[in-house]
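Asker: Below is model_11.cif; it holds mmCIF, C-alpha atoms.
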```cif
data_my_file
#
loop_
_atom_site.label_atom_id
_atom_site.label_comp_id
_atom_site.auth_asym_id
_atom_site.auth_seq_id
_atom_site.Cartn_x
_atom_site.Cartn_y
_atom_site.Cartn_z
CA MET A 116 120.43 -137.90 26.81
CA THR A 117 118.63 -134.95 25.25
CA PRO A 118 118.61 -134.44 21.48
CA ALA A 119 120.99 -131.48 21.96
CA ASN A 120 123.52 -133.61 23.85
CA ALA A 121 123.27 -136.35 21.24
CA MET A 122 123.98 -133.84 18.49
CA LYS A 123 126.99 -132.53 20.43
CA LEU A 124 128.38 -136.07 20.68
CA ASN A 125 127.80 -136.60 16.96
CA ALA A 126 129.72 -133.37 16.29
CA VAL A 127 132.59 -134.74 18.42
CA ALA A 128 132.47 -137.91 16.31
CA LEU A 129 132.81 -135.80 13.16
CA TYR A 130 135.87 -134.09 14.62
CA ALA A 131 137.35 -137.51 15.48
CA ILE A 132 136.80 -138.82 11.94
CA SER A 133 138.39 -135.66 10.52
CA ALA A 134 141.39 -136.09 12.84
CA VAL A 135 141.91 -139.68 11.67
CA LEU A 136 141.85 -138.65 8.01
CA LEU A 137 144.12 -135.65 8.70
CA VAL A 138 146.74 -137.93 10.31
CA ALA A 139 146.55 -140.24 7.28
CA PHE A 140 147.00 -137.32 4.87
CA TYR A 141 149.85 -135.92 6.97
CA PHE A 142 151.81 -139.16 6.74
CA GLN A 143 151.01 -139.34 3.00
CA PHE A 144 152.13 -135.83 2.05
CA ALA A 145 154.80 -135.11 4.69
CA TRP A 146 156.47 -138.54 4.79
CA GLY A 147 155.61 -139.82 1.32
CA GLU A 148 153.70 -142.88 2.56
CA LEU A 149 151.33 -143.52 -0.31
CA PRO A 150 148.24 -145.58 0.54
CA CYS A 151 147.87 -149.10 -0.80
CA PRO A 152 144.49 -150.17 -2.26
CA LEU A 153 143.33 -151.59 1.08
CA CYS A 154 144.42 -148.39 2.84
CA PHE A 155 142.44 -146.40 0.28
CA LEU A 156 139.32 -148.41 0.96
CA GLN A 157 139.72 -147.95 4.71
CA ARG A 158 139.86 -144.20 4.13
CA VAL A 159 136.64 -144.48 2.11
CA ALA A 160 135.03 -146.36 5.01
CA PHE A 161 136.14 -143.64 7.45
CA THR A 162 134.60 -141.05 5.15
CA ALA A 163 131.38 -143.06 5.03
CA LEU A 164 131.34 -143.09 8.84
CA ALA A 165 130.68 -139.35 8.69
CA VAL A 166 127.34 -139.66 6.82
CA GLY A 167 125.43 -140.72 9.95
CA PRO A 168 126.62 -137.84 12.18
CA ILE A 169 125.97 -135.33 9.37
CA LEU A 170 122.39 -136.60 9.08
CA THR A 171 121.99 -136.32 12.85
CA LEU A 172 123.27 -132.74 12.90
CA ARG A 173 121.01 -131.78 10.00
CA HIS A 174 117.80 -133.66 10.75
CA GLY A 175 118.06 -134.54 14.45
CA PRO A 176 118.88 -137.88 16.08
CA ARG A 177 117.30 -140.95 14.45
CA PRO A 178 118.08 -144.64 15.06
CA GLY A 179 118.72 -145.15 11.35
CA HIS A 180 121.60 -142.67 11.41
CA TYR A 181 123.43 -144.88 13.91
CA GLY A 182 122.64 -147.85 11.66
CA LEU A 183 124.50 -146.15 8.81
CA ILE A 184 127.51 -145.67 11.12
CA VAL A 185 127.46 -149.38 12.03
CA LEU A 186 127.25 -150.47 8.38
CA ALA A 187 130.17 -148.27 7.34
CA ALA A 188 132.19 -149.45 10.36
CA LEU A 189 131.49 -153.10 9.58
CA LEU A 190 132.78 -152.68 6.04
CA GLY A 191 135.83 -150.78 7.25
CA ALA A 192 136.54 -153.37 9.95
CA ALA A 193 136.36 -156.17 7.37
CA ILE A 194 138.89 -154.44 5.13
CA ALA A 195 141.20 -153.56 8.05
CA SER A 196 140.93 -157.11 9.40
CA ARG A 197 142.06 -158.48 6.05
CA GLN A 198 145.11 -156.24 6.05
CA VAL A 199 145.93 -157.22 9.64
CA LEU A 200 145.64 -160.91 8.77
CA LEU A 201 147.86 -160.48 5.69
CA HIS A 202 150.71 -159.43 7.96
CA ILE A 203 149.98 -161.48 11.06
CA MET A 204 152.56 -164.23 10.49
CA PRO A 205 155.60 -164.12 12.81
CA GLY A 206 158.49 -162.33 11.15
CA ASP A 207 156.25 -160.19 8.97
CA ALA A 208 157.46 -156.60 9.07
CA GLY A 209 154.01 -155.26 8.32
CA TYR A 210 153.15 -152.53 5.84
CA GLY A 211 154.03 -148.88 6.36
CA SER A 212 155.21 -147.11 9.46
CA VAL A 213 154.01 -147.64 13.02
CA LEU A 214 152.30 -145.24 15.38
CA LEU A 215 152.68 -145.98 19.10
CA GLY A 216 153.68 -149.55 18.26
CA TYR A 217 150.81 -150.42 15.91
CA HIS A 218 150.51 -150.14 12.15
CA PHE A 219 147.87 -147.84 10.75
CA TYR A 220 145.63 -150.67 9.56
CA THR A 221 145.59 -151.99 13.14
CA TRP A 222 144.61 -148.54 14.41
CA ALA A 223 141.94 -148.41 11.71
CA LEU A 224 140.49 -151.71 12.90
CA LEU A 225 140.43 -150.40 16.47
CA GLY A 226 138.75 -147.21 15.24
CA PHE A 227 136.02 -149.07 13.36
CA VAL A 228 135.32 -151.31 16.36
CA ALA A 229 135.15 -148.20 18.55
CA ALA A 230 132.65 -146.65 16.13
CA ILE A 231 130.41 -149.73 16.39
CA ALA A 232 130.65 -149.69 20.19
CA ALA A 233 129.90 -145.96 20.34
CA SER A 234 126.86 -146.32 18.08
CA ALA A 235 125.59 -149.18 20.23
CA ALA A 236 126.09 -147.06 23.35
CA MET A 237 124.21 -144.12 21.82
CA LEU A 238 121.29 -146.39 20.91
CA LEU A 239 120.85 -147.22 24.60
CA PHE A 240 119.36 -143.75 25.19
CA PRO A 241 115.90 -143.48 23.57
CA ASP A 242 115.19 -140.00 24.97
CA GLN A 243 117.29 -138.42 22.22
CA PHE A 244 114.74 -139.62 19.63
CA ALA A 245 111.86 -137.63 21.19
CA GLU A 246 109.78 -135.99 18.48
CA GLN A 247 110.39 -132.30 18.27
CA ALA A 248 107.46 -129.88 17.99
CA PRO A 249 106.61 -129.12 14.34
CA PRO A 250 106.92 -125.51 13.22
CA ALA A 251 103.82 -123.37 13.60
CA ARG A 252 101.78 -123.32 10.38
CA VAL A 253 98.22 -122.55 9.41
CA ASN A 254 96.36 -125.83 9.30
CA ARG A 255 93.58 -125.56 6.81
CA ASP A 256 92.10 -128.88 7.93
CA ARG A 257 91.38 -127.80 11.50
CA ILE A 258 87.81 -126.72 10.80
CA HIS A 259 85.26 -128.89 12.51
CA LEU A 260 82.22 -129.18 10.29
CA ALA A 261 79.67 -128.95 13.10
CA ASP A 262 81.20 -125.73 14.43
CA PHE A 263 81.43 -124.31 10.94
CA ARG A 264 77.71 -124.92 10.31
CA ARG A 265 76.75 -123.50 13.68
CA HIS A 266 78.72 -120.33 13.21
CA THR A 267 77.49 -119.95 9.65
CA ARG A 268 73.85 -120.06 10.76
CA GLN A 269 74.56 -117.51 13.49
CA CYS A 270 76.20 -115.13 11.05
CA GLY A 271 73.45 -115.24 8.48
CA GLY A 272 74.93 -117.69 6.08
CA ARG A 273 78.52 -116.45 6.11
CA ALA A 274 81.34 -117.94 8.13
CA PRO A 275 82.35 -115.59 10.99
CA GLY A 276 85.71 -114.03 11.78
CA VAL A 277 88.35 -112.71 9.47
CA TRP A 278 88.24 -114.21 6.03
CA VAL A 279 91.67 -115.49 5.07
CA ARG A 280 93.13 -117.29 2.13
CA VAL A 281 95.62 -120.00 2.89
CA VAL A 282 98.51 -119.82 0.45
CA SER A 283 101.39 -122.31 0.85
CA GLY A 284 100.63 -122.85 4.51
CA HIS A 285 100.60 -119.13 5.40
CA ALA A 286 97.37 -117.24 6.16
CA ARG A 287 96.92 -113.97 4.32
CA ALA A 288 94.03 -111.71 5.35
CA LEU A 289 91.67 -110.70 2.55
CA MET B 112 140.59 -144.75 -10.32
CA ASP B 113 138.10 -147.11 -8.75
CA SER B 114 138.92 -145.87 -5.25
CA SER B 115 138.51 -142.29 -6.46
CA ILE B 116 135.01 -143.13 -7.68
CA ALA B 117 134.21 -144.67 -4.28
CA PHE B 118 135.42 -141.48 -2.58
CA LEU B 119 133.27 -139.34 -4.90
CA ILE B 120 130.14 -141.39 -4.20
CA VAL B 121 130.62 -141.17 -0.43
CA ALA B 122 131.49 -137.47 -0.63
CA THR B 123 128.27 -136.88 -2.61
CA ALA B 124 126.39 -138.78 0.10
CA MET B 125 127.92 -136.48 2.73
CA TRP B 126 126.87 -133.39 0.73
CA ALA B 127 123.38 -134.81 0.22
CA ALA B 128 123.11 -135.55 3.95
CA TRP B 129 123.44 -131.84 4.64
CA ARG B 130 121.29 -130.57 1.80
CA ARG B 131 118.69 -133.09 0.67
CA ASP B 132 116.15 -135.78 1.46
CA PRO B 133 117.55 -138.53 3.71
CA ARG B 134 116.24 -141.17 1.27
CA VAL B 135 118.66 -139.89 -1.37
CA VAL B 136 121.41 -140.14 1.23
CA VAL B 137 120.59 -143.76 2.02
CA PHE B 138 120.64 -144.63 -1.69
CA LEU B 139 124.02 -142.96 -2.25
CA PHE B 140 125.39 -144.50 0.93
CA ALA B 141 124.31 -147.99 -0.14
CA LEU B 142 125.76 -147.40 -3.61
CA GLY B 143 129.07 -146.30 -2.07
CA MET B 144 129.22 -149.30 0.25
CA LEU B 145 128.45 -151.75 -2.56
CA PHE B 146 131.02 -150.14 -4.87
CA THR B 147 133.65 -150.18 -2.10
CA PHE B 148 132.97 -153.87 -1.45
CA ALA B 149 133.25 -154.55 -5.20
CA VAL B 150 136.64 -152.81 -5.33
CA TYR B 151 137.70 -154.79 -2.27
CA LEU B 152 136.82 -158.08 -3.98
CA HIS B 153 138.55 -156.91 -7.16
CA HIS B 154 141.82 -156.48 -5.24
CA ALA B 155 141.36 -159.61 -3.14
CA THR B 156 143.52 -161.75 -5.43
CA SER B 157 146.06 -159.06 -6.31
CA ALA B 158 149.75 -159.84 -5.73
CA LEU B 159 151.06 -158.31 -2.51
CA PRO B 160 154.70 -157.19 -2.93
CA LEU B 161 156.42 -157.56 0.42
CA SER B 162 159.47 -155.57 1.50
CA PHE B 163 161.24 -158.34 3.47
#
```
So that I can check it, write out the structure of this file as structure tokens.
Answerer:
Amino acid sequence: MTPANAMKLNAVALYAISAVLLVAFYFQFAWGELPCPLCFLQRVAFTALAVGPILTLRHGPRPGHYGLIVLAALLGAAIASRQVLLHIMPGDAGYGSVLLGYHFYTWALLGFVAAIAASAAMLLFPDQFAEQAPPARVNRDRIHLADFRRHTRQCGGRAPGVWVRVVSGHARAL
Amino acid sequence: MDSSIAFLIVATAMWAAWRRDPRVVVFLFALGMLFTFAVYLHHATSALPLSF
């Protein structure tokens, strides 16, 4: 699992989260199914699921990003579980319409559990967290004192080479 | 209203994740999660009108 492949999978996760929210908004605006407070909070949890993948796409894969996904999914699963349990008694018609036989809060619970499982699966591949090479910059600290003294004596008291002034990490010839 | 605030906090965390220091993101994310859990507890004892 290279960092590039991990970032592609995180982008796919972002598309999946967007698709879930789009379906919810479609049923809200096209069919008039307004969300209840618990449904609202599940939508918030789905939105919070996106923070981890955005961090990965922006700053590269880090284990903490998957930790954020797990935390958001745990909160969302708790809220969805409560709504499932509120309607679990036999004879309960449930709340809202069904999609492929399950209510939306049931699908939300399955989605949050899938997010936890996917994050756990991604954490099994440590190669994606390989440190990337830092950008090339002038390092003003890379002067070894012994070499500096030796070269100074050879050049009659003045450091050899091109004299430069380091400004904000960039060398500018004087 | 309270759910809208939760959405705004998480949306700000998403924006900050793209633009800013990850530490700011973690703070906003934690704030959003805590606020969402507080709203959840606030509605925990609300009456649930059933349709059957």
Asker: One decimal, in Å: what's the spacing between CA of Val138 (chain A) and CA of Trp222 (chain A)?
Answerer: 11.6 Å
Asker: Any idea what's packed within 10 Å of Thr123 (chain B), counting all atoms listed in the file, ignoring anything in its chain fewer than 3 positions away? Could you give it as a PyMOL selection string?
Answerer: (chain A and resi 166) or (chain B and resi 117-120+126-128+136+139-140+143)
Asker: Residues of chain A within 8 Å of chain B, counting all atoms listed in the file, what are they? List them as a ChimeraX atom specification.
Answerer: /A:152-153,155-156,159,162-163,165-166,169-170,173,187,190,194,207-208
Asker: Distance CA of Leu129 (chain A)-CA of Val185 (chain A), one decimal place?
Answerer: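 Separation between CA of Leu129 (chain A) and CA of Val185 (chain A): 14.6 Å.
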Asker: Mind working out the centre and edge lengths of an axis-aligned box for region 118-124 of chain B, all listed atoms inside, 6 Å added to each side, rounded to one decimal in Å and written as JSON?
Answerer:
```
{"center_x": 130.9, "center_y": -139.2, "center_z": -2.4, "size_x": 21.0, "size_y": 16.6, "size_z": 17.0}
```
Asker: Counting all atoms listed in the file, which residues come within 8 Å of (114.2, -139.7, 17.2), with the point read in the file's coordinates, and could you list them as an NGL selection string?
Answerer: :A and (175-178 or 241-246)
Asker: Between CA of Ala126 (chain A) and CA of Leu186 (chain A), what distance in Å does the model show, to one decimal?
Answerer: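 Answer for the CA of Ala126 (chain A) to CA of Leu186 (chain A) separation: 19.0 Å.
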Asker: Which residues fall under the PyMOL selection byres ((chain A and resi 128) around 10) in this file, as an MDAnalysis selection string?
Answerer: chainID A and resid 122:127 129:134 164:165 167:169 230 233
Asker: Any chance you could work out the residue set of the PyMOL selection byres ((chain A and resi 228) around 12) here, as a PyMOL selection string?
Answerer: chain A and resi 161+164+184-193+195-196+221-227+229-235
Asker: Could you add N, CA and C atoms to region 117-150 of chain B and give me the result as a PDB file, keeping the file's coordinate frame?
Answerer:
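Wrote it out as part_18.pdb, contents follow:
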```
ATOM      1  N   ALA B 117     134.827-144.363  -5.579  1.00  0.00           N
ATOM      2  CA  ALA B 117     134.210-144.670  -4.280  1.00  0.00           C
ATOM      3  C   ALA B 117     134.215-143.439  -3.383  1.00  0.00           C
ATOM      4  N   PHE B 118     135.337-142.708  -3.373  1.00  0.00           N
ATOM      5  CA  PHE B 118     135.420-141.480  -2.580  1.00  0.00           C
ATOM      6  C   PHE B 118     134.382-140.469  -3.041  1.00  0.00           C
ATOM      7  N   LEU B 119     134.218-140.331  -4.368  1.00  0.00           N
ATOM      8  CA  LEU B 119     133.270-139.340  -4.900  1.00  0.00           C
ATOM      9  C   LEU B 119     131.839-139.686  -4.504  1.00  0.00           C
ATOM     10  N   ILE B 120     131.503-140.982  -4.555  1.00  0.00           N
ATOM     11  CA  ILE B 120     130.140-141.390  -4.200  1.00  0.00           C
ATOM     12  C   ILE B 120     129.875-141.068  -2.736  1.00  0.00           C
ATOM     13  N   VAL B 121     130.835-141.411  -1.866  1.00  0.00           N
ATOM     14  CA  VAL B 121     130.620-141.170  -0.430  1.00  0.00           C
ATOM     15  C   VAL B 121     130.625-139.671  -0.133  1.00  0.00           C
ATOM     16  N   ALA B 122     131.476-138.913  -0.836  1.00  0.00           N
ATOM     17  CA  ALA B 122     131.490-137.470  -0.630  1.00  0.00           C
ATOM     18  C   ALA B 122     130.156-136.853  -1.069  1.00  0.00           C
ATOM     19  N   THR B 123     129.594-137.349  -2.167  1.00  0.00           N
ATOM     20  CA  THR B 123     128.270-136.880  -2.610  1.00  0.00           C
ATOM     21  C   THR B 123     127.206-137.227  -1.571  1.00  0.00           C
ATOM     22  N   ALA B 124     127.338-138.405  -0.957  1.00  0.00           N
ATOM     23  CA  ALA B 124     126.390-138.780   0.100  1.00  0.00           C
ATOM     24  C   ALA B 124     126.510-137.832   1.290  1.00  0.00           C
ATOM     25  N   MET B 125     127.730-137.425   1.624  1.00  0.00           N
ATOM     26  CA  MET B 125     127.920-136.480   2.730  1.00  0.00           C
ATOM     27  C   MET B 125     127.278-135.138   2.399  1.00  0.00           C
ATOM     28  N   TRP B 126     127.462-134.670   1.150  1.00  0.00           N
ATOM     29  CA  TRP B 126     126.870-133.390   0.730  1.00  0.00           C
ATOM     30  C   TRP B 126     125.345-133.501   0.751  1.00  0.00           C
ATOM     31  N   ALA B 127     124.826-134.630   0.252  1.00  0.00           N
ATOM     32  CA  ALA B 127     123.380-134.810   0.220  1.00  0.00           C
ATOM     33  C   ALA B 127     122.806-134.906   1.632  1.00  0.00           C
ATOM     34  N   ALA B 128     123.593-135.443   2.569  1.00  0.00           N
ATOM     35  CA  ALA B 128     123.110-135.550   3.950  1.00  0.00           C
ATOM     36  C   ALA B 128     122.858-134.173   4.554  1.00  0.00           C
ATOM     37  N   TRP B 129     123.613-133.198   4.110  1.00  0.00           N
ATOM     38  CA  TRP B 129     123.440-131.840   4.640  1.00  0.00           C
ATOM     39  C   TRP B 129     122.364-131.068   3.895  1.00  0.00           C
ATOM     40  N   ARG B 130     122.146-131.422   2.613  1.00  0.00           N
ATOM     41  CA  ARG B 130     121.290-130.570   1.800  1.00  0.00           C
ATOM     42  C   ARG B 130     119.945-131.178   1.425  1.00  0.00           C
ATOM     43  N   ARG B 131     119.835-132.503   1.357  1.00  0.00           N
ATOM     44  CA  ARG B 131     118.690-133.090   0.670  1.00  0.00           C
ATOM     45  C   ARG B 131     117.924-134.081   1.519  1.00  0.00           C
ATOM     46  N   ASP B 132     117.000-134.764   0.866  1.00  0.00           N
ATOM     47  CA  ASP B 132     116.150-135.780   1.460  1.00  0.00           C
ATOM     48  C   ASP B 132     117.002-136.945   1.965  1.00  0.00           C
ATOM     49  N   PRO B 133     116.758-137.399   3.196  1.00  0.00           N
ATOM     50  CA  PRO B 133     117.550-138.530   3.710  1.00  0.00           C
ATOM     51  C   PRO B 133     117.432-139.797   2.857  1.00  0.00           C
ATOM     52  N   ARG B 134     116.352-139.967   2.102  1.00  0.00           N
ATOM     53  CA  ARG B 134     116.240-141.170   1.270  1.00  0.00           C
ATOM     54  C   ARG B 134     117.297-141.164   0.172  1.00  0.00           C
ATOM     55  N   VAL B 135     117.583-139.983  -0.374  1.00  0.00           N
ATOM     56  CA  VAL B 135     118.660-139.890  -1.370  1.00  0.00           C
ATOM     57  C   VAL B 135     119.989-140.260  -0.724  1.00  0.00           C
ATOM     58  N   VAL B 136     120.165-139.849   0.519  1.00  0.00           N
ATOM     59  CA  VAL B 136     121.410-140.140   1.230  1.00  0.00           C
ATOM     60  C   VAL B 136     121.584-141.637   1.400  1.00  0.00           C
ATOM     61  N   VAL B 137     120.502-142.316   1.805  1.00  0.00           N
ATOM     62  CA  VAL B 137     120.590-143.760   2.020  1.00  0.00           C
ATOM     63  C   VAL B 137     120.932-144.467   0.708  1.00  0.00           C
ATOM     64  N   PHE B 138     120.342-144.008  -0.395  1.00  0.00           N
ATOM     65  CA  PHE B 138     120.640-144.630  -1.690  1.00  0.00           C
ATOM     66  C   PHE B 138     122.109-144.445  -2.061  1.00  0.00           C
ATOM     67  N   LEU B 139     122.609-143.221  -1.915  1.00  0.00           N
ATOM     68  CA  LEU B 139     124.020-142.960  -2.250  1.00  0.00           C
ATOM     69  C   LEU B 139     124.947-143.713  -1.308  1.00  0.00           C
ATOM     70  N   PHE B 140     124.568-143.775  -0.041  1.00  0.00           N
ATOM     71  CA  PHE B 140     125.390-144.500   0.930  1.00  0.00           C
ATOM     72  C   PHE B 140     125.468-145.978   0.562  1.00  0.00           C
ATOM     73  N   ALA B 141     124.316-146.571   0.241  1.00  0.00           N
ATOM     74  CA  ALA B 141     124.310-147.990  -0.140  1.00  0.00           C
ATOM     75  C   ALA B 141     125.128-148.210  -1.412  1.00  0.00           C
ATOM     76  N   LEU B 142     124.990-147.282  -2.365  1.00  0.00           N
ATOM     77  CA  LEU B 142     125.760-147.400  -3.610  1.00  0.00           C
ATOM     78  C   LEU B 142     127.255-147.337  -3.307  1.00  0.00           C
ATOM     79  N   GLY B 143     127.652-146.419  -2.432  1.00  0.00           N
ATOM     80  CA  GLY B 143     129.070-146.300  -2.070  1.00  0.00           C
ATOM     81  C   GLY B 143     129.586-147.545  -1.380  1.00  0.00           C
ATOM     82  N   MET B 144     128.790-148.108  -0.469  1.00  0.00           N
ATOM     83  CA  MET B 144     129.220-149.300   0.250  1.00  0.00           C
ATOM     84  C   MET B 144     129.360-150.482  -0.721  1.00  0.00           C
ATOM     85  N   LEU B 145     128.380-150.648  -1.601  1.00  0.00           N
ATOM     86  CA  LEU B 145     128.450-151.750  -2.560  1.00  0.00           C
ATOM     87  C   LEU B 145     129.639-151.592  -3.494  1.00  0.00           C
ATOM     88  N   PHE B 146     129.892-150.366  -3.965  1.00  0.00           N
ATOM     89  CA  PHE B 146     131.020-150.140  -4.870  1.00  0.00           C
ATOM     90  C   PHE B 146     132.334-150.388  -4.138  1.00  0.00           C
ATOM     91  N   THR B 147     132.427-149.948  -2.885  1.00  0.00           N
ATOM     92  CA  THR B 147     133.650-150.180  -2.100  1.00  0.00           C
ATOM     93  C   THR B 147     133.888-151.668  -1.911  1.00  0.00           C
ATOM     94  N   PHE B 148     132.824-152.424  -1.623  1.00  0.00           N
ATOM     95  CA  PHE B 148     132.970-153.870  -1.450  1.00  0.00           C
ATOM     96  C   PHE B 148     133.382-154.521  -2.766  1.00  0.00           C
ATOM     97  N   ALA B 149     132.866-154.008  -3.890  1.00  0.00           N
ATOM     98  CA  ALA B 149     133.250-154.550  -5.200  1.00  0.00           C
ATOM     99  C   ALA B 149     134.735-154.298  -5.476  1.00  0.00           C
ATOM    100  N   VAL B 150     135.210-153.114  -5.141  1.00  0.00           N
ATOM    101  CA  VAL B 150     136.640-152.810  -5.330  1.00  0.00           C
ATOM    102  C   VAL B 150     137.481-153.699  -4.425  1.00  0.00           C
TER     103      VAL B 150
END
```
